[in-house]
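coords24.cif, holding mmCIF, C-alpha atoms:
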data_coords
#
loop_
_atom_site.label_atom_id
_atom_site.label_comp_id
_atom_site.auth_asym_id
_atom_site.auth_seq_id
_atom_site.Cartn_x
_atom_site.Cartn_y
_atom_site.Cartn_z
CA MET A 146 0.00 0.00 0.00
CA THR A 147 1.48 3.31 -1.05
CA GLU A 148 1.36 6.19 1.39
CA LYS A 149 -1.40 8.69 0.63
CA LYS A 150 -1.63 12.34 1.57
CA ASN A 151 -4.13 13.82 4.02
CA LEU A 152 -4.27 10.67 6.11
CA LYS A 153 -2.83 10.33 9.60
CA ILE A 154 -2.67 6.85 11.09
CA GLY A 155 -2.06 6.56 14.83
CA LEU A 156 -1.07 3.56 16.92
CA ALA A 157 -2.12 3.02 20.55
CA LEU A 158 0.07 0.47 22.32
CA GLY A 159 -1.41 -0.91 25.53
CA GLY A 160 0.26 -2.06 28.74
CA GLY A 161 0.80 -5.64 29.83
CA GLY A 162 4.31 -6.41 31.14
CA SER A 163 6.36 -8.64 28.85
CA ARG A 164 3.22 -9.15 26.79
CA GLY A 165 4.46 -5.91 25.25
CA TYR A 166 6.74 -7.99 23.03
CA ALA A 167 3.57 -8.53 20.94
CA HIS A 168 3.72 -4.85 19.97
CA ILE A 169 6.96 -5.56 18.10
CA GLY A 170 5.21 -8.21 16.02
CA VAL A 171 2.44 -5.75 15.17
CA LEU A 172 4.98 -3.11 14.11
CA LYS A 173 6.83 -5.61 11.92
CA VAL A 174 3.65 -6.54 10.04
CA LEU A 175 2.55 -2.93 9.56
CA GLU A 176 5.98 -2.00 8.21
CA LYS A 177 6.11 -5.01 5.89
CA ASN A 178 2.71 -4.11 4.45
CA ASN A 179 3.53 -0.41 4.04
CA ILE A 180 0.94 0.79 6.57
CA PRO A 181 2.40 4.17 7.64
CA ILE A 182 2.42 5.01 11.34
CA ASP A 183 2.27 8.77 11.75
CA CYS A 184 1.97 8.97 15.54
CA VAL A 185 2.25 6.62 18.52
CA ALA A 186 1.02 6.63 22.10
CA GLY A 187 1.92 4.01 24.69
CA THR A 188 1.00 2.92 28.17
CA SER A 189 3.50 1.07 30.38
CA ALA A 190 5.10 -1.67 28.22
CA GLY A 191 3.47 0.02 25.23
CA ALA A 192 5.22 3.27 26.16
CA LEU A 193 8.57 1.49 26.24
CA VAL A 194 8.11 -0.14 22.82
CA GLY A 195 6.48 3.01 21.41
CA ALA A 196 9.32 5.27 22.51
CA ILE A 197 12.01 3.01 21.06
CA TYR A 198 10.10 2.68 17.79
CA SER A 199 9.48 6.43 17.59
CA PHE A 200 13.21 7.00 18.04
CA PHE A 201 14.49 4.45 15.49
CA LYS A 202 11.41 4.17 13.21
CA ASP A 203 12.54 0.59 12.61
CA SER A 204 10.79 -2.47 14.08
CA LYS A 205 13.85 -4.67 13.52
CA LYS A 206 15.90 -2.31 15.69
CA VAL A 207 13.24 -2.43 18.41
CA GLU A 208 13.38 -6.23 18.32
CA GLU A 209 17.16 -6.19 18.44
CA VAL A 210 17.47 -3.96 21.51
CA THR A 211 14.73 -5.72 23.48
CA VAL A 212 14.91 -9.42 22.68
CA ASN A 213 18.70 -9.46 22.53
CA ASN A 214 19.06 -7.98 26.00
CA ASP A 215 19.64 -11.19 27.92
CA LEU A 216 18.22 -12.02 31.34
CA SER A 217 21.43 -11.27 33.23
CA LYS A 218 21.46 -7.69 31.88
CA LEU A 219 17.79 -7.17 32.72
CA LEU A 220 18.33 -8.47 36.25
CA THR A 221 21.30 -6.11 36.67
CA LEU A 222 19.07 -3.18 35.72
CA ALA A 223 16.51 -4.34 38.28
CA MET A 224 19.08 -4.50 41.09
CA ASP A 225 18.19 -0.98 42.17
CA PHE A 226 16.30 -1.55 45.38
CA SER A 227 14.31 1.10 47.19
CA PHE A 228 11.72 -0.44 49.57
CA GLU A 229 10.19 3.03 49.81
CA ARG A 230 6.68 2.84 48.28
CA GLY A 231 8.12 0.23 45.92
CA ILE A 232 10.75 -2.50 45.75
CA ILE A 233 12.77 -1.01 42.86
CA LYS A 234 13.75 2.63 42.26
CA GLY A 235 13.89 2.18 38.49
CA GLU A 236 16.75 4.65 38.02
CA LYS A 237 19.07 2.11 36.38
CA ILE A 238 16.36 1.21 33.89
CA LYS A 239 15.83 4.90 33.09
CA GLU A 240 19.57 5.42 32.62
CA PHE A 241 19.71 2.46 30.22
CA LEU A 242 16.78 3.87 28.25
CA SER A 243 18.32 7.37 28.22
CA ARG A 244 21.49 5.98 26.67
CA LEU A 245 19.52 3.97 24.13
CA LEU A 246 17.41 6.98 23.12
CA GLU A 247 20.40 9.36 23.27
CA ASN A 248 18.67 11.54 25.89
CA SER A 249 15.98 12.44 23.39
CA SER A 250 13.19 14.90 24.06
CA PHE A 251 9.74 14.38 22.57
CA GLY A 252 10.37 16.96 19.88
CA SER A 253 13.45 15.15 18.55
CA LEU A 254 11.81 11.78 17.86
CA LYS A 255 11.30 10.60 14.28
CA ILE A 256 7.62 9.87 14.97
CA PRO A 257 5.39 12.00 17.26
CA PHE A 258 4.98 10.11 20.52
CA ARG A 259 2.99 10.33 23.76
CA ALA A 260 3.37 8.37 27.01
CA VAL A 261 0.43 7.90 29.38
CA ALA A 262 0.88 7.75 33.16
CA THR A 263 -1.42 7.92 36.17
CA ASP A 264 -1.27 10.73 38.71
CA PHE A 265 -0.56 8.97 42.01
CA ASN A 266 -2.57 11.49 44.07
CA THR A 267 -5.59 12.18 41.84
CA ALA A 268 -5.81 8.94 39.80
CA GLU A 269 -6.05 11.05 36.61
CA SER A 270 -4.76 9.71 33.33
CA ILE A 271 -2.05 12.13 32.17
CA ILE A 272 -0.72 12.37 28.62
CA ILE A 273 3.00 13.23 28.74
CA LYS A 274 4.19 14.94 25.57
CA GLU A 275 7.16 17.10 26.52
CA GLY A 276 10.49 16.85 28.25
CA ASP A 277 12.76 13.83 28.53
CA VAL A 278 11.36 10.72 26.84
CA ALA A 279 13.09 8.20 29.13
CA SER A 280 11.61 9.88 32.23
CA ALA A 281 8.14 9.81 30.67
CA VAL A 282 8.45 6.10 29.88
CA GLN A 283 9.68 5.42 33.40
CA ALA A 284 6.61 7.21 34.79
CA SER A 285 4.27 5.32 32.47
CA ALA A 286 5.73 1.92 33.40
CA THR A 287 6.03 2.36 37.17
CA PHE A 288 3.94 -0.63 38.24
CA PRO A 289 2.51 -0.27 41.79
CA LEU A 290 4.53 -1.84 44.62
CA VAL A 291 7.19 -3.10 42.20
CA PHE A 292 8.55 0.36 41.32
CA LYS A 293 8.72 3.52 43.39
CA PRO A 294 6.34 6.25 42.09
CA ILE A 295 8.11 8.82 39.92
CA LYS A 296 8.14 12.59 40.46
CA LEU A 297 7.89 14.56 37.24
CA PHE A 298 6.62 18.09 36.44
CA GLY A 299 5.82 18.60 40.12
CA ARG A 300 3.50 15.57 40.16
CA CYS A 301 3.86 11.99 41.36
CA PHE A 302 3.21 9.27 38.75
CA TRP A 303 2.77 5.55 38.54
CA ASP A 304 1.74 3.04 35.88
CA GLY A 305 -0.52 4.38 33.12
CA GLY A 306 -2.34 1.06 33.07
CA MET A 307 -4.07 1.99 36.33
CA SER A 308 -6.12 4.63 34.49
CA ASP A 309 -5.69 4.14 30.73
CA PRO A 310 -4.41 0.65 29.76
CA VAL A 311 -4.85 1.28 26.01
CA PRO A 312 -4.13 4.97 25.20
CA VAL A 313 -6.59 5.49 22.36
CA ASP A 314 -7.57 8.94 23.66
CA ALA A 315 -3.92 10.02 23.55
CA VAL A 316 -3.75 9.07 19.85
CA LYS A 317 -7.06 10.84 19.26
CA ASP A 318 -5.53 13.92 20.92
CA MET A 319 -2.82 13.77 18.22
CA ASN A 320 -5.52 14.23 15.56
CA ALA A 321 -5.17 10.80 13.98
CA ASP A 322 -7.70 10.00 11.25
CA ILE A 323 -7.46 6.26 11.83
CA ILE A 324 -6.59 4.77 15.22
CA ILE A 325 -5.16 1.26 15.47
CA ALA A 326 -5.15 -0.03 19.05
CA VAL A 327 -3.25 -3.04 20.42
CA ASN A 328 -4.94 -4.47 23.51
CA LEU A 329 -2.93 -6.89 25.66
CA TYR A 330 -5.57 -7.14 28.40
CA ASN A 331 -7.95 -8.94 26.07
CA LYS A 332 -10.34 -11.83 26.61
CA THR A 333 -7.84 -14.58 25.79
CA ALA A 334 -5.43 -13.24 28.40
CA PHE A 335 -8.16 -12.72 30.99
CA ASP A 336 -9.78 -16.15 30.48
CA ALA A 337 -6.40 -17.83 30.93
CA GLY A 338 -6.24 -16.38 34.43
CA GLN A 339 -9.17 -18.55 35.51
CA LYS A 340 -6.81 -21.54 35.57
CA THR A 341 -4.40 -20.04 38.08
CA LYS A 342 -4.08 -21.27 41.64
CA GLU A 343 -5.99 -19.41 44.33
CA GLY A 344 -3.11 -18.25 46.50
CA VAL A 345 -2.72 -14.69 47.81
CA TYR A 346 -0.51 -13.66 44.88
CA GLU A 347 -2.87 -15.16 42.29
CA ILE A 348 -5.91 -13.46 43.83
CA ALA A 349 -4.14 -10.09 43.90
CA ALA A 350 -3.01 -10.54 40.30
CA ARG A 351 -6.50 -11.57 39.21
CA SER A 352 -7.96 -8.49 40.90
CA ILE A 353 -5.66 -6.14 38.99
CA GLU A 354 -6.27 -8.03 35.73
CA SER A 355 -10.04 -7.67 36.25
CA VAL A 356 -9.77 -3.90 36.59
CA GLN A 357 -7.50 -3.53 33.58
CA TYR A 358 -9.58 -5.91 31.47
CA ASN A 359 -12.71 -3.81 32.03
CA LEU A 360 -10.86 -0.50 31.71
CA SER A 361 -9.43 -1.64 28.38
CA LYS A 362 -12.88 -2.28 26.94
CA GLU A 363 -13.86 1.31 27.71
CA CYS A 364 -10.59 2.75 26.39
CA LEU A 365 -11.02 0.93 23.06
CA ARG A 366 -14.38 2.48 22.14
CA PRO A 367 -12.94 5.31 19.96
CA ALA A 368 -10.52 2.98 18.13
CA ASP A 369 -11.09 2.19 14.44
CA VAL A 370 -9.21 -1.12 14.48
CA VAL A 371 -8.43 -3.25 17.53
CA ILE A 372 -5.64 -5.84 17.45
CA GLU A 373 -5.75 -8.43 20.23
CA PRO A 374 -2.85 -10.92 20.24
CA ASN A 375 -3.51 -14.39 21.64
CA ILE A 376 -1.42 -14.29 24.80
CA SER A 377 -3.33 -16.88 26.79
CA GLY A 378 -0.17 -18.78 27.73
CA LEU A 379 1.19 -15.98 29.91
CA GLY A 380 0.97 -15.48 33.64
CA PHE A 381 0.43 -12.13 35.35
CA LEU A 382 2.48 -9.46 33.50
CA GLY A 383 4.00 -12.31 31.48
CA LEU A 384 7.11 -12.43 33.64
CA ASP A 385 7.17 -16.23 33.52
CA ARG A 386 7.67 -16.08 29.74
CA LEU A 387 10.34 -13.40 30.10
CA LEU A 388 12.32 -15.46 32.58
CA LYS A 389 12.30 -18.36 30.12
CA GLY A 390 13.68 -16.11 27.38
CA ARG A 391 10.66 -16.64 25.14
CA GLY A 392 10.07 -13.09 23.93
CA GLU A 393 10.24 -14.30 20.31
CA SER A 394 7.10 -16.40 20.72
CA ILE A 395 5.15 -13.40 22.02
CA ILE A 396 6.34 -11.36 19.03
CA LYS A 397 4.96 -14.09 16.75
CA GLU A 398 1.53 -13.77 18.39
CA GLY A 399 1.62 -10.05 17.67
CA GLU A 400 2.46 -10.78 14.04
CA LYS A 401 -0.43 -13.25 13.71
CA ALA A 402 -2.94 -10.81 15.19
CA ALA A 403 -1.73 -7.95 12.98
CA ILE A 404 -1.92 -10.08 9.82
CA LYS A 405 -5.49 -10.97 10.75
CA ALA A 406 -6.32 -7.27 11.14
CA LEU A 407 -4.79 -6.14 7.82
CA PRO A 408 -8.02 -6.43 5.75
CA GLU A 409 -9.88 -4.26 8.27
CA ILE A 410 -7.06 -1.70 8.33
CA ARG A 411 -7.06 -1.45 4.54
CA GLU A 412 -10.85 -1.20 4.52
CA LYS A 413 -10.72 1.73 6.99
CA ILE A 414 -8.08 3.48 4.87
CA ASP A 415 -10.11 3.03 1.68
CA LEU A 416 -13.27 4.24 3.43
CA HIS A 417 -11.46 7.34 4.65
CA TYR A 418 -10.59 8.34 1.09
CA GLN A 419 -14.05 7.54 -0.22
CA ILE A 420 -15.55 9.89 2.35
CA GLU A 421 -12.89 12.54 1.68
CA GLN A 422 -13.56 12.49 -2.07
CA SER A 423 -17.36 12.53 -1.77
#

Translate the structure of the given file into structure tokens.
Amino acid sequence: MTEKKNLKIGLALGGGGSRGYAHIGVLKVLEKNNIPIDCVAGTSAGALVGAIYSFFKDSKKVEEVTVNNDLSKLLTLAMDFSFERGIIKGEKIKEFLSRLLENSSFGSLKIPFRAVATDFNTAESIIIKEGDVASAVQASATFPLVFKPIKLFGRCFWDGGMSDPVPVDAVKDMNADIIIAVNLYNKTAFDAGQKTKEGVYEIAARSIESVQYNLSKECLRPADVVIEPNISGLGFLGLDRLLKGRGESIIKEGEKAAIKALPEIREKIDLHYQIEQS
């Protein structure tokens, strides 16, 4: 598909721990099929993938810098303990991301990008669109109790998934004509949680998944196309798959879901031009 003028396609990448590898598969398929991405917004894991993609504008590079970072390196980044409103400070992770993104600000990215975080004190969903990109991603991906809440712009932030797990509104705010949303808190993921044991951890995880599953359905309403990878084999946040070094298999699920959505994406693009020419 050749790129056409007067059409802005936006991509909303949802949160979901290491399920976020699926976003890479989606990006690979869109690139391969010449579907232009003109703006990106991400929540939590989606903010991480979205920021890296917006910097490089190359899905293969995103895959390289995420999948090829072995477990020992990831664990080293996590060895940044706080125990003050969270187990991990997250500063080492931010420093790694700052180096990767060359200390980029939002205005210097190749693709316009937004990160969504939650105000710790008011529970508002906040769209971050200025300043240091690595700090914004850190704020968006600060999962409660795991990471210490982040202070930014005079506010205190934690994970965007607590208020806006799929940032469709952020893409809408960027004036996209067509919004493609990738939802990782979908029915296949939620149904898989029914098979978990009923210990304290599993009940807590199921509670959070329930909130984010229902929030996601509301967030998706303005989207034109919804891509929902089959990630039923993952535990809470998908950390079990990450520890087994199986990010590639999650990427494949993203690819499958994106391929399935291609006819609908093309239909929406064609419809846009039919309306524009009428």

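When all atoms listed in the file are used to measure the gap to A:Gln283, the shortest distance among A:Ile420, A:Leu360, A:Ile197, A:Ala260 belongs to A:Ala260.
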
I want to know what sits within 10 Å of A:Ile323, based on all atoms listed in the file, with residues of the same chain fewer than 3 positions away left out; could you give that as a ChimeraX atom specification? /A:152-156,182,316-317,320,326,367-370,410,413-414,417

Mind running stretch 388-408 of chain A against stretch 159-168 of chain A at 10 Å and telling me each contacting residue's nearest atom pair with the distance in Å (one decimal), counting only C-alpha atoms, chain and number ascending, as a tab-separated table?
residue	atom	partner	partner_atom	distance
A:Leu388	CA	A:Ser163	CA	9.8
A:Arg391	CA	A:Tyr166	CA	9.7
A:Gly392	CA	A:Tyr166	CA	6.2
A:Glu393	CA	A:Tyr166	CA	7.7
A:Ser394	CA	A:Ala167	CA	8.6
A:Ile395	CA	A:Ala167	CA	5.2
A:Ile396	CA	A:Ala167	CA	4.4
A:Lys397	CA	A:Ala167	CA	7.1
A:Glu398	CA	A:Ala167	CA	6.2
A:Gly399	CA	A:Ala167	CA	4.1
A:Glu400	CA	A:Ala167	CA	7.3
A:Lys401	CA	A:Ala167	CA	9.5
A:Ala402	CA	A:Ala167	CA	9.0
A:Ala403	CA	A:His168	CA	9.4

Given only C-alpha atoms as the counted atoms, nearest of A:Glu409, A:Glu240, A:Asp183, A:Asp415 to A:Phe258: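 For A:Phe258, the nearest of the candidates is A:Asp183.
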
Just checking: using only C-alpha atoms, which residue out of A:Ala268, A:Val278, A:Val194, A:Leu246 ends up closest to A:Asp309?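 Under the stated criterion, the closest residue is A:Ala268.
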
How many Å lie between atom CA of A:Lys274 and atom CA of A:Val174, rounded to one decimal?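 For atom CA of A:Lys274 relative to atom CA of A:Val174, the distance reads 26.5 Å.
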
When you draw a straight line from atom CA of A:Thr211 to atom CA of A:Ile169, how long is it in Å?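 Atom CA of A:Ile169 lies at a distance of 9.5 Å from atom CA of A:Thr211.
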
Give me, please, the distance in Å between atom CA of A:Ser285 and atom CA of A:Lys177, quoted to one decimal.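 About the pair atom CA of A:Ser285 and atom CA of A:Lys177: they are 28.6 Å apart.
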
Considering all atoms listed in the file, return as a list in words whatever protein or nucleic-acid residues lie within 12 Å of A:Ser250, sequence-local ones (same chain, fewer than 4 positions apart) excluded.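 Within the cut-off, the hits are Ala196, Ser199, Phe200, Ser243, Leu246, Leu254, Lys255, Ile256, Pro257, Phe258, Arg259, Ile273, Lys274, Glu275, Gly276, Asp277, Val278, Ala279, Ser280, Ala281 and Val282 of chain A.
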
Spatial neighbours of A:Lys296, 10 Å, only C-alpha atoms, chain gap at least 4 places, as a list in words: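 That gives Asp264, Phe265, Ser280, Ala284, Arg300, Cys301, Phe302 and Trp303 of chain A.
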
Quick one: apply the PyMOL selection byres ((chain A and resi 187) around 7) to the file and drop the selected residues here as a PyMOL selection string. chain A and resi 157-159+185-186+188-189+191-192+195+259-261+312
